[in-house]
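run01.txt, holding compact mmCIF, C-alpha atoms:
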# COMPACT_ATOMS: atom_id res chain seq x y z
CA LYS A 185 -91.77 200.50 -58.38
CA ALA A 186 -91.61 197.32 -56.36
CA GLY A 187 -90.99 197.66 -52.64
CA VAL A 188 -88.72 195.71 -50.35
CA THR A 189 -89.49 192.01 -50.50
CA GLN A 190 -88.74 189.65 -47.65
CA THR A 191 -89.10 185.90 -47.86
CA PRO A 192 -90.46 183.86 -46.30
CA ARG A 193 -93.10 185.79 -44.36
CA TYR A 194 -93.41 183.12 -41.67
CA LEU A 195 -91.03 180.46 -40.46
CA ILE A 196 -91.08 177.90 -37.66
CA LYS A 197 -87.80 176.29 -36.62
CA THR A 198 -86.59 174.05 -33.82
CA ARG A 199 -83.95 175.02 -31.28
CA GLY A 200 -80.47 174.28 -32.53
CA GLN A 201 -81.36 174.56 -36.19
CA GLN A 202 -80.19 177.32 -38.47
CA VAL A 203 -82.25 179.62 -40.66
CA THR A 204 -81.69 181.88 -43.66
CA LEU A 205 -83.88 184.88 -44.39
CA SER A 206 -83.88 186.77 -47.67
CA CYS A 207 -84.37 190.41 -48.56
CA SER A 208 -84.65 191.96 -52.02
CA PRO A 209 -84.21 195.73 -51.85
CA ILE A 210 -85.78 198.36 -54.04
CA SER A 211 -84.15 198.51 -57.44
CA GLY A 212 -81.17 200.87 -57.36
CA HIS A 213 -80.74 200.71 -53.59
CA ARG A 214 -77.31 199.52 -52.49
CA SER A 215 -77.78 199.46 -48.73
CA VAL A 216 -79.65 196.74 -46.88
CA SER A 217 -80.06 196.81 -43.12
CA TRP A 218 -81.52 194.19 -40.85
CA TYR A 219 -83.45 194.74 -37.62
CA GLN A 220 -84.83 192.38 -35.00
CA GLN A 221 -88.15 193.28 -33.38
CA THR A 222 -89.28 191.59 -30.15
CA PRO A 223 -91.84 192.62 -27.53
CA GLY A 224 -89.16 192.79 -24.84
CA GLN A 225 -86.27 194.48 -26.67
CA GLY A 226 -88.13 196.44 -29.32
CA LEU A 227 -86.43 197.21 -32.61
CA GLN A 228 -82.73 196.52 -32.62
CA PHE A 229 -80.23 197.07 -35.42
CA LEU A 230 -78.45 193.91 -36.50
CA PHE A 231 -76.17 194.96 -39.37
CA GLU A 232 -75.98 196.83 -42.64
CA TYR A 233 -74.55 195.76 -45.95
CA PHE A 234 -73.51 198.17 -48.66
CA SER A 235 -72.05 197.10 -51.98
CA GLU A 236 -71.51 193.54 -50.70
CA THR A 237 -69.58 194.69 -47.60
CA GLN A 238 -70.74 194.88 -44.02
CA ARG A 239 -70.63 198.58 -43.18
CA ASN A 240 -72.25 198.69 -39.74
CA LYS A 241 -72.88 196.12 -37.07
CA GLY A 242 -75.10 196.04 -34.03
CA ASN A 243 -74.54 194.28 -30.76
CA PHE A 244 -75.57 190.73 -31.58
CA PRO A 245 -73.66 187.46 -31.12
CA GLY A 246 -71.74 185.86 -33.95
CA ARG A 247 -74.60 183.41 -34.54
CA PHE A 248 -76.18 186.21 -36.52
CA SER A 249 -74.52 186.81 -39.84
CA GLY A 250 -75.38 188.15 -43.23
CA ARG A 251 -74.19 188.74 -46.71
CA GLN A 252 -75.07 190.77 -49.76
CA PHE A 253 -74.89 189.75 -53.36
CA SER A 254 -73.85 191.78 -56.38
CA ASN A 255 -77.49 192.49 -57.20
CA SER A 256 -77.88 193.99 -53.67
CA ARG A 257 -80.09 191.16 -52.46
CA SER A 258 -79.20 190.23 -48.92
CA GLU A 259 -79.51 187.17 -46.76
CA MET A 260 -79.39 186.90 -43.02
CA ASN A 261 -78.42 183.68 -41.28
CA VAL A 262 -78.96 182.64 -37.69
CA SER A 263 -77.21 179.49 -36.52
CA THR A 264 -77.90 177.35 -33.47
CA LEU A 265 -81.31 178.90 -32.92
CA GLU A 266 -82.45 179.74 -29.42
CA LEU A 267 -85.98 180.35 -28.17
CA GLY A 268 -85.07 184.01 -27.68
CA ASP A 269 -84.42 184.39 -31.40
CA SER A 270 -88.17 184.29 -32.01
CA ALA A 271 -88.91 187.70 -33.48
CA LEU A 272 -90.00 189.71 -36.46
CA TYR A 273 -86.96 190.34 -38.64
CA LEU A 274 -87.22 193.46 -40.73
CA CYS A 275 -85.13 194.44 -43.67
CA ALA A 276 -84.70 198.02 -44.84
CA SER A 277 -83.22 199.29 -48.05
CA SER A 278 -81.88 202.71 -48.92
CA LEU A 279 -79.69 204.36 -51.49
CA GLY A 280 -76.91 204.14 -48.93
CA ASP A 281 -75.04 207.34 -49.65
CA ILE A 282 -73.29 208.66 -46.58
CA GLY A 283 -74.43 212.08 -45.46
CA MET A 284 -77.28 212.17 -47.90
CA ASN A 285 -80.84 212.83 -46.96
CA THR A 286 -82.02 209.34 -47.77
CA GLU A 287 -84.92 207.32 -46.50
CA ALA A 288 -85.03 203.71 -45.39
CA PHE A 289 -87.85 201.62 -46.84
CA PHE A 290 -88.89 198.61 -44.82
CA GLY A 291 -90.17 195.25 -45.91
CA GLN A 292 -93.07 193.48 -44.23
CA GLY A 293 -90.74 191.28 -42.26
CA THR A 294 -90.21 187.61 -41.61
CA ARG A 295 -91.86 186.24 -38.48
CA LEU A 296 -89.53 183.59 -37.04
CA THR A 297 -90.79 181.29 -34.33
CA VAL A 298 -88.34 178.99 -32.58
CA VAL A 299 -89.88 176.02 -30.75
CA ALA B 211 -74.02 207.61 -28.76
CA GLN B 212 -77.67 208.09 -29.56
CA SER B 213 -80.87 207.08 -27.86
CA VAL B 214 -84.59 207.73 -28.03
CA THR B 215 -87.17 207.78 -25.25
CA GLN B 216 -90.85 207.58 -26.00
CA LEU B 217 -93.05 208.63 -23.11
CA GLY B 218 -96.05 206.37 -22.75
CA SER B 219 -96.17 202.88 -24.16
CA HIS B 220 -99.90 203.23 -24.76
CA VAL B 221 -101.96 206.31 -25.59
CA SER B 222 -105.72 206.28 -26.04
CA VAL B 223 -107.69 209.18 -27.52
CA SER B 224 -111.22 209.69 -28.78
CA GLU B 225 -111.93 209.94 -32.47
CA GLY B 226 -111.61 213.61 -33.45
CA ALA B 227 -109.37 214.47 -30.51
CA LEU B 228 -105.80 215.73 -30.61
CA VAL B 229 -103.09 213.11 -30.88
CA LEU B 230 -99.83 213.84 -29.07
CA LEU B 231 -97.06 211.24 -28.94
CA ARG B 232 -93.95 212.28 -27.06
CA CYS B 233 -90.37 211.62 -28.03
CA ASN B 234 -87.09 212.80 -26.55
CA TYR B 235 -83.73 212.01 -28.02
CA SER B 236 -80.10 212.06 -27.06
CA SER B 237 -77.37 212.55 -29.62
CA SER B 238 -73.76 213.69 -29.48
CA VAL B 239 -73.92 214.83 -33.11
CA PRO B 240 -76.63 216.61 -35.12
CA PRO B 241 -79.38 214.07 -35.55
CA TYR B 242 -81.77 213.03 -38.22
CA LEU B 243 -85.12 212.29 -36.57
CA PHE B 244 -87.96 210.12 -37.79
CA TRP B 245 -91.41 208.91 -36.93
CA TYR B 246 -92.49 205.54 -38.27
CA VAL B 247 -95.87 203.80 -38.06
CA GLN B 248 -96.41 200.05 -37.91
CA TYR B 249 -99.73 198.33 -38.50
CA PRO B 250 -100.25 194.75 -37.24
CA ASN B 251 -98.11 192.19 -39.06
CA GLN B 252 -96.62 194.87 -41.26
CA GLY B 253 -93.29 196.56 -41.69
CA LEU B 254 -92.56 200.17 -40.85
CA GLN B 255 -93.80 203.11 -42.85
CA LEU B 256 -92.14 206.50 -42.64
CA LEU B 257 -94.54 209.21 -41.43
CA LEU B 258 -92.12 212.11 -41.48
CA LYS B 259 -88.50 213.05 -40.96
CA TYR B 260 -86.39 215.97 -39.82
CA THR B 261 -82.97 216.44 -41.33
CA THR B 262 -82.14 220.15 -41.51
CA GLY B 263 -83.99 223.39 -42.09
CA ALA B 264 -87.54 224.01 -40.95
CA THR B 265 -88.15 222.61 -37.50
CA LEU B 266 -91.85 221.96 -38.08
CA VAL B 267 -92.14 218.93 -40.30
CA LYS B 268 -95.31 217.80 -41.99
CA GLY B 269 -95.85 214.19 -42.88
CA ILE B 270 -98.40 211.86 -44.33
CA ASN B 271 -101.92 211.29 -43.01
CA GLY B 272 -102.09 214.74 -41.38
CA PHE B 273 -99.27 214.17 -38.88
CA GLU B 274 -96.62 216.71 -38.04
CA ALA B 275 -93.73 217.00 -35.61
CA GLU B 276 -91.60 219.81 -34.29
CA PHE B 277 -87.88 219.55 -33.68
CA LYS B 278 -86.94 221.43 -30.51
CA LYS B 279 -83.21 221.32 -30.00
CA SER B 280 -83.31 223.09 -26.63
CA GLU B 281 -85.70 220.46 -25.30
CA THR B 282 -84.20 217.57 -27.30
CA SER B 283 -87.73 216.68 -28.29
CA PHE B 284 -89.52 215.61 -31.46
CA HIS B 285 -93.17 215.15 -30.47
CA LEU B 286 -95.70 213.88 -33.01
CA THR B 287 -99.12 215.51 -33.29
CA LYS B 288 -102.29 215.26 -35.31
CA PRO B 289 -105.15 217.71 -34.75
CA SER B 290 -107.97 215.20 -35.19
CA ALA B 291 -107.63 211.47 -34.65
CA HIS B 292 -109.19 208.99 -37.04
CA MET B 293 -109.97 205.35 -36.38
CA SER B 294 -107.44 204.38 -39.05
CA ASP B 295 -104.66 206.00 -36.99
CA ALA B 296 -104.71 203.09 -34.53
CA ALA B 297 -101.24 201.55 -34.80
CA GLU B 298 -97.83 201.48 -33.16
CA TYR B 299 -95.65 204.53 -33.60
CA PHE B 300 -91.88 204.61 -33.35
CA CYS B 301 -89.66 207.63 -32.92
CA ALA B 302 -86.15 207.10 -34.27
CA VAL B 303 -82.79 208.83 -34.64
CA SER B 304 -79.72 208.44 -36.79
CA PRO B 305 -76.58 210.57 -37.00
CA TRP B 306 -76.55 213.12 -39.83
CA TYR B 307 -73.49 211.56 -41.43
CA SER B 308 -75.05 208.13 -41.63
CA SER B 309 -77.11 206.84 -44.45
CA ALA B 310 -80.56 205.75 -43.44
CA SER B 311 -78.98 202.51 -42.41
CA LYS B 312 -78.30 202.52 -38.70
CA ILE B 313 -81.43 203.84 -37.09
CA ILE B 314 -81.97 203.78 -33.35
CA PHE B 315 -85.61 203.28 -32.45
CA GLY B 316 -87.60 204.15 -29.37
CA SER B 317 -89.63 201.48 -27.64
CA GLY B 318 -92.81 202.48 -29.42
CA THR B 319 -96.19 203.91 -28.46
CA ARG B 320 -99.37 202.03 -29.20
CA LEU B 321 -102.12 204.46 -30.19
CA SER B 322 -105.72 203.41 -29.64
CA ILE B 323 -108.69 205.40 -30.91
CA ARG B 324 -112.00 205.33 -29.02
CA PRO B 325 -115.17 205.73 -31.09
Please, can you express the file's structure as structure tokens?
Amino acid sequence: KAGVTQTPRYLIKTRGQQVTLSCSPISGHRSVSWYQQTPGQGLQFLFEYFSETQRNKGNFPGRFSGRQFSNSRSEMNVSTLELGDSALYLCASSLGDIGMNTEAFFGQGTRLTVV
Amino acid sequence: AQSVTQLGSHVSVSEGALVLLRCNYSSSVPPYLFWYVQYPNQGLQLLLKYTTGATLVKGINGFEAEFKKSETSFHLTKPSAHMSDAAEYFCAVSPWYSSASKIIFGSGTRLSIRP
């Protein structure tokens, strides 16, 4: 079966602009989580969407937002980009059932560079 | 609250030698524990996971890890290193009641293999 697909793979934006990243989860998975990976801060949890609702949220400013569609595809938006937003953004999908022994499958990520 | 500490940001071993990557965790509730591997410009791939039951967990590519509650450790080992094992390895934790959606990662250990 197809894996987690993130688009685009690479993106260059200018400070102050906004950006939208897309994630298509594995078919049948209802949970999509987003992570930011930087050399300084490592892998940090941004938020999780489950059945079109934000279920968990990390400690990021309101410039970072997301949404999930009825087909479980998710988008992440960053407004008013800052140089520090340059990172690899990873999306993970899972079945999403609470308390279940489920696994998160990661996409290859979107490399965002802010100049 | 949960956290993960990986001892050693960089480990170098000779091909054929034992690989030992150290991980200690902190969790106020029974944890699920994971080891992920990341190759350059790629997403994360699950090597193995501990949820409940047997404390010695076997994963892909010959890796295994042992959950030691008394030591709050989950070290990753492989008896004989191969050149293809060179990558970054992340130890991670999530609470048992969570889906695989809100994972807390360690800072990572870069594994180098000497010929």
Legend entry - Neighbours of chain B in chain A at 10 Å, counting only C-alpha atoms, as a PyMOL selection string: chain A and resi 188+193+215-219+223-234+239-242+272-295
Inset, instruction - Skip Leu217 in chain B itself and residues of its chain fewer than 3 positions away, then list as a PyMOL selection string all residues within 8 Å of it, counting only C-alpha atoms. - result: chain B and resi 231-233+319
Around all of range 243-248 of chain A's listed atoms, make the axis-aligned box with 3 Å on each side and tell me centre and edge lengths in Å to one decimal, as JSON.
{"center_x": -74.0, "center_y": 188.8, "center_z": -33.6, "size_x": 10.4, "size_y": 16.9, "size_z": 11.8}
Inset, instruction - Would you please work out which residue, of B:Ser304, B:Leu257, B:Gly269, B:Asn234, is nearest to His285 in chain B when using only C-alpha atoms? - result: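 Among B:Ser304, B:Leu257, B:Gly269, B:Asn234, it is B:Asn234 that comes nearest to His285 in chain B.
Across B:Val221, B:Val229, B:Arg320, B:Leu266, the tightest approach to Lys288 in chain B is made by B:Val229 when counting all atoms listed in the file.
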Inset, instruction - Counting all atoms listed in the file, figure out which residue out of B:Ala291, B:Ser280, B:Glu274, B:Gly218 gets nearest to Tyr246 in chain B. - result: B:Glu274
Within 9 Å of Gln252 in chain A, counting only C-alpha atoms, which residues show up once you throw out same-chain ones fewer than 2 positions away? Write them as a PDB file with C-alpha atoms, in the frame of the given file, please.
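What ended up in result31.pdb:
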ATOM      1  CA  VAL A 216     -79.650 196.740 -46.880  1.00  0.00           C
ATOM      2  CA  TYR A 233     -74.550 195.760 -45.950  1.00  0.00           C
ATOM      3  CA  PHE A 234     -73.510 198.170 -48.660  1.00  0.00           C
ATOM      4  CA  SER A 235     -72.050 197.100 -51.980  1.00  0.00           C
ATOM      5  CA  GLU A 236     -71.510 193.540 -50.700  1.00  0.00           C
ATOM      6  CA  THR A 237     -69.580 194.690 -47.600  1.00  0.00           C
ATOM      7  CA  GLN A 238     -70.740 194.880 -44.020  1.00  0.00           C
ATOM      8  CA  GLY A 250     -75.380 188.150 -43.230  1.00  0.00           C
ATOM      9  CA  SER A 254     -73.850 191.780 -56.380  1.00  0.00           C
ATOM     10  CA  ASN A 255     -77.490 192.490 -57.200  1.00  0.00           C
ATOM     11  CA  SER A 256     -77.880 193.990 -53.670  1.00  0.00           C
ATOM     12  CA  ARG A 257     -80.090 191.160 -52.460  1.00  0.00           C
ATOM     13  CA  SER A 258     -79.200 190.230 -48.920  1.00  0.00           C
ATOM     14  CA  GLU A 259     -79.510 187.170 -46.760  1.00  0.00           C
ATOM     15  CA  MET A 260     -79.390 186.900 -43.020  1.00  0.00           C
TER      16      MET A 260
END
Legend entry - One-decimal distance in Å that lies between CA of Val298 in chain A and CA of Ala296 in chain B: 29.2 Å
Mind listing as a tab-separated table (two decimals) with C-alpha atoms, keeping the file's coordinate frame all residues within 7 Å of (-82.3, 185.4, -44.7), counting all atoms listed in the file?
chain	number	residue	atom	x	y	z
A	204	THR	CA	-81.69	181.88	-43.66
A	205	LEU	CA	-83.88	184.88	-44.39
A	206	SER	CA	-83.88	186.77	-47.67
A	207	CYS	CA	-84.37	190.41	-48.56
A	259	GLU	CA	-79.51	187.17	-46.76
A	260	MET	CA	-79.39	186.90	-43.02
A	261	ASN	CA	-78.42	183.68	-41.28
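Interatomic distance, CA of Lys197 in chain A against CA of Arg247 in chain A: 15.1 Å.
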Legend entry - Atomic separation - CA of Thr191 in chain A relative to CA of Ser263 in chain A, Å: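 If I compute the distance from CA of Ser263 in chain A to CA of Thr191 in chain A, I get 17.6 Å.
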Inset, instruction - Name the closest residue to Ser238 in chain B among the candidates B:Gly263, B:Val303, B:Phe273, B:His220; distances are taken between atoms, counting all atoms listed in the file. - result: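 Among the listed residues, B:Val303 lies closest to Ser238 in chain B.
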Inset, instruction - Do a neighbour search on Lys278 in chain B at 8 Å with all atoms listed in the file, toss out local chain neighbours closer than 5 positions, and write the hits as a PyMOL selection string. - result: chain B and resi 265+283-284
Could you rebuild range 282-295 of chain B with N, CA, C and O atoms and give me the result as a PDB file, in the frame of the given file?
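Writing done, so here's part-v7.pdb:
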ATOM      1  N   THR B 282     -84.531 218.873 -26.695  1.00  0.00           N
ATOM      2  CA  THR B 282     -84.200 217.570 -27.300  1.00  0.00           C
ATOM      3  C   THR B 282     -85.456 216.735 -27.483  1.00  0.00           C
ATOM      4  O   THR B 282     -85.535 215.555 -27.090  1.00  0.00           O
ATOM      5  N   SER B 283     -86.463 217.366 -28.091  1.00  0.00           N
ATOM      6  CA  SER B 283     -87.730 216.680 -28.290  1.00  0.00           C
ATOM      7  C   SER B 283     -88.132 216.676 -29.759  1.00  0.00           C
ATOM      8  O   SER B 283     -87.683 217.516 -30.555  1.00  0.00           O
ATOM      9  N   PHE B 284     -88.997 215.739 -30.085  1.00  0.00           N
ATOM     10  CA  PHE B 284     -89.520 215.610 -31.460  1.00  0.00           C
ATOM     11  C   PHE B 284     -90.889 214.967 -31.337  1.00  0.00           C
ATOM     12  O   PHE B 284     -91.126 213.842 -31.761  1.00  0.00           O
ATOM     13  N   HIS B 285     -91.836 215.685 -30.731  1.00  0.00           N
ATOM     14  CA  HIS B 285     -93.170 215.150 -30.470  1.00  0.00           C
ATOM     15  C   HIS B 285     -94.005 215.117 -31.745  1.00  0.00           C
ATOM     16  O   HIS B 285     -93.954 216.027 -32.572  1.00  0.00           O
ATOM     17  N   LEU B 286     -94.826 214.096 -31.850  1.00  0.00           N
ATOM     18  CA  LEU B 286     -95.700 213.880 -33.010  1.00  0.00           C
ATOM     19  C   LEU B 286     -97.116 214.311 -32.666  1.00  0.00           C
ATOM     20  O   LEU B 286     -97.627 213.942 -31.601  1.00  0.00           O
ATOM     21  N   THR B 287     -97.754 215.069 -33.537  1.00  0.00           N
ATOM     22  CA  THR B 287     -99.120 215.510 -33.290  1.00  0.00           C
ATOM     23  C   THR B 287     -99.989 215.335 -34.534  1.00  0.00           C
ATOM     24  O   THR B 287     -99.494 215.277 -35.663  1.00  0.00           O
ATOM     25  N   LYS B 288    -101.287 215.243 -34.258  1.00  0.00           N
ATOM     26  CA  LYS B 288    -102.290 215.260 -35.310  1.00  0.00           C
ATOM     27  C   LYS B 288    -103.515 215.929 -34.712  1.00  0.00           C
ATOM     28  O   LYS B 288    -103.958 215.540 -33.621  1.00  0.00           O
ATOM     29  N   PRO B 289    -104.069 216.942 -35.364  1.00  0.00           N
ATOM     30  CA  PRO B 289    -105.150 217.710 -34.750  1.00  0.00           C
ATOM     31  C   PRO B 289    -106.410 216.889 -34.457  1.00  0.00           C
ATOM     32  O   PRO B 289    -107.068 217.105 -33.440  1.00  0.00           O
ATOM     33  N   SER B 290    -106.725 215.932 -35.331  1.00  0.00           N
ATOM     34  CA  SER B 290    -107.970 215.200 -35.190  1.00  0.00           C
ATOM     35  C   SER B 290    -107.754 213.729 -35.496  1.00  0.00           C
ATOM     36  O   SER B 290    -107.477 213.366 -36.642  1.00  0.00           O
ATOM     37  N   ALA B 291    -107.900 212.893 -34.483  1.00  0.00           N
ATOM     38  CA  ALA B 291    -107.630 211.470 -34.650  1.00  0.00           C
ATOM     39  C   ALA B 291    -108.721 210.779 -35.464  1.00  0.00           C
ATOM     40  O   ALA B 291    -109.907 211.105 -35.362  1.00  0.00           O
ATOM     41  N   HIS B 292    -108.280 209.807 -36.236  1.00  0.00           N
ATOM     42  CA  HIS B 292    -109.190 208.990 -37.040  1.00  0.00           C
ATOM     43  C   HIS B 292    -108.994 207.542 -36.636  1.00  0.00           C
ATOM     44  O   HIS B 292    -107.908 207.143 -36.213  1.00  0.00           O
ATOM     45  N   MET B 293    -110.046 206.757 -36.771  1.00  0.00           N
ATOM     46  CA  MET B 293    -109.970 205.350 -36.380  1.00  0.00           C
ATOM     47  C   MET B 293    -108.790 204.639 -37.071  1.00  0.00           C
ATOM     48  O   MET B 293    -108.148 203.759 -36.487  1.00  0.00           O
ATOM     49  N   SER B 294    -108.506 205.035 -38.289  1.00  0.00           N
ATOM     50  CA  SER B 294    -107.440 204.380 -39.050  1.00  0.00           C
ATOM     51  C   SER B 294    -106.044 204.712 -38.525  1.00  0.00           C
ATOM     52  O   SER B 294    -105.049 204.124 -38.978  1.00  0.00           O
ATOM     53  N   ASP B 295    -105.963 205.642 -37.560  1.00  0.00           N
ATOM     54  CA  ASP B 295    -104.660 206.000 -36.990  1.00  0.00           C
ATOM     55  C   ASP B 295    -104.199 204.991 -35.933  1.00  0.00           C
ATOM     56  O   ASP B 295    -103.059 205.050 -35.467  1.00  0.00           O
TER      57      ASP B 295
END
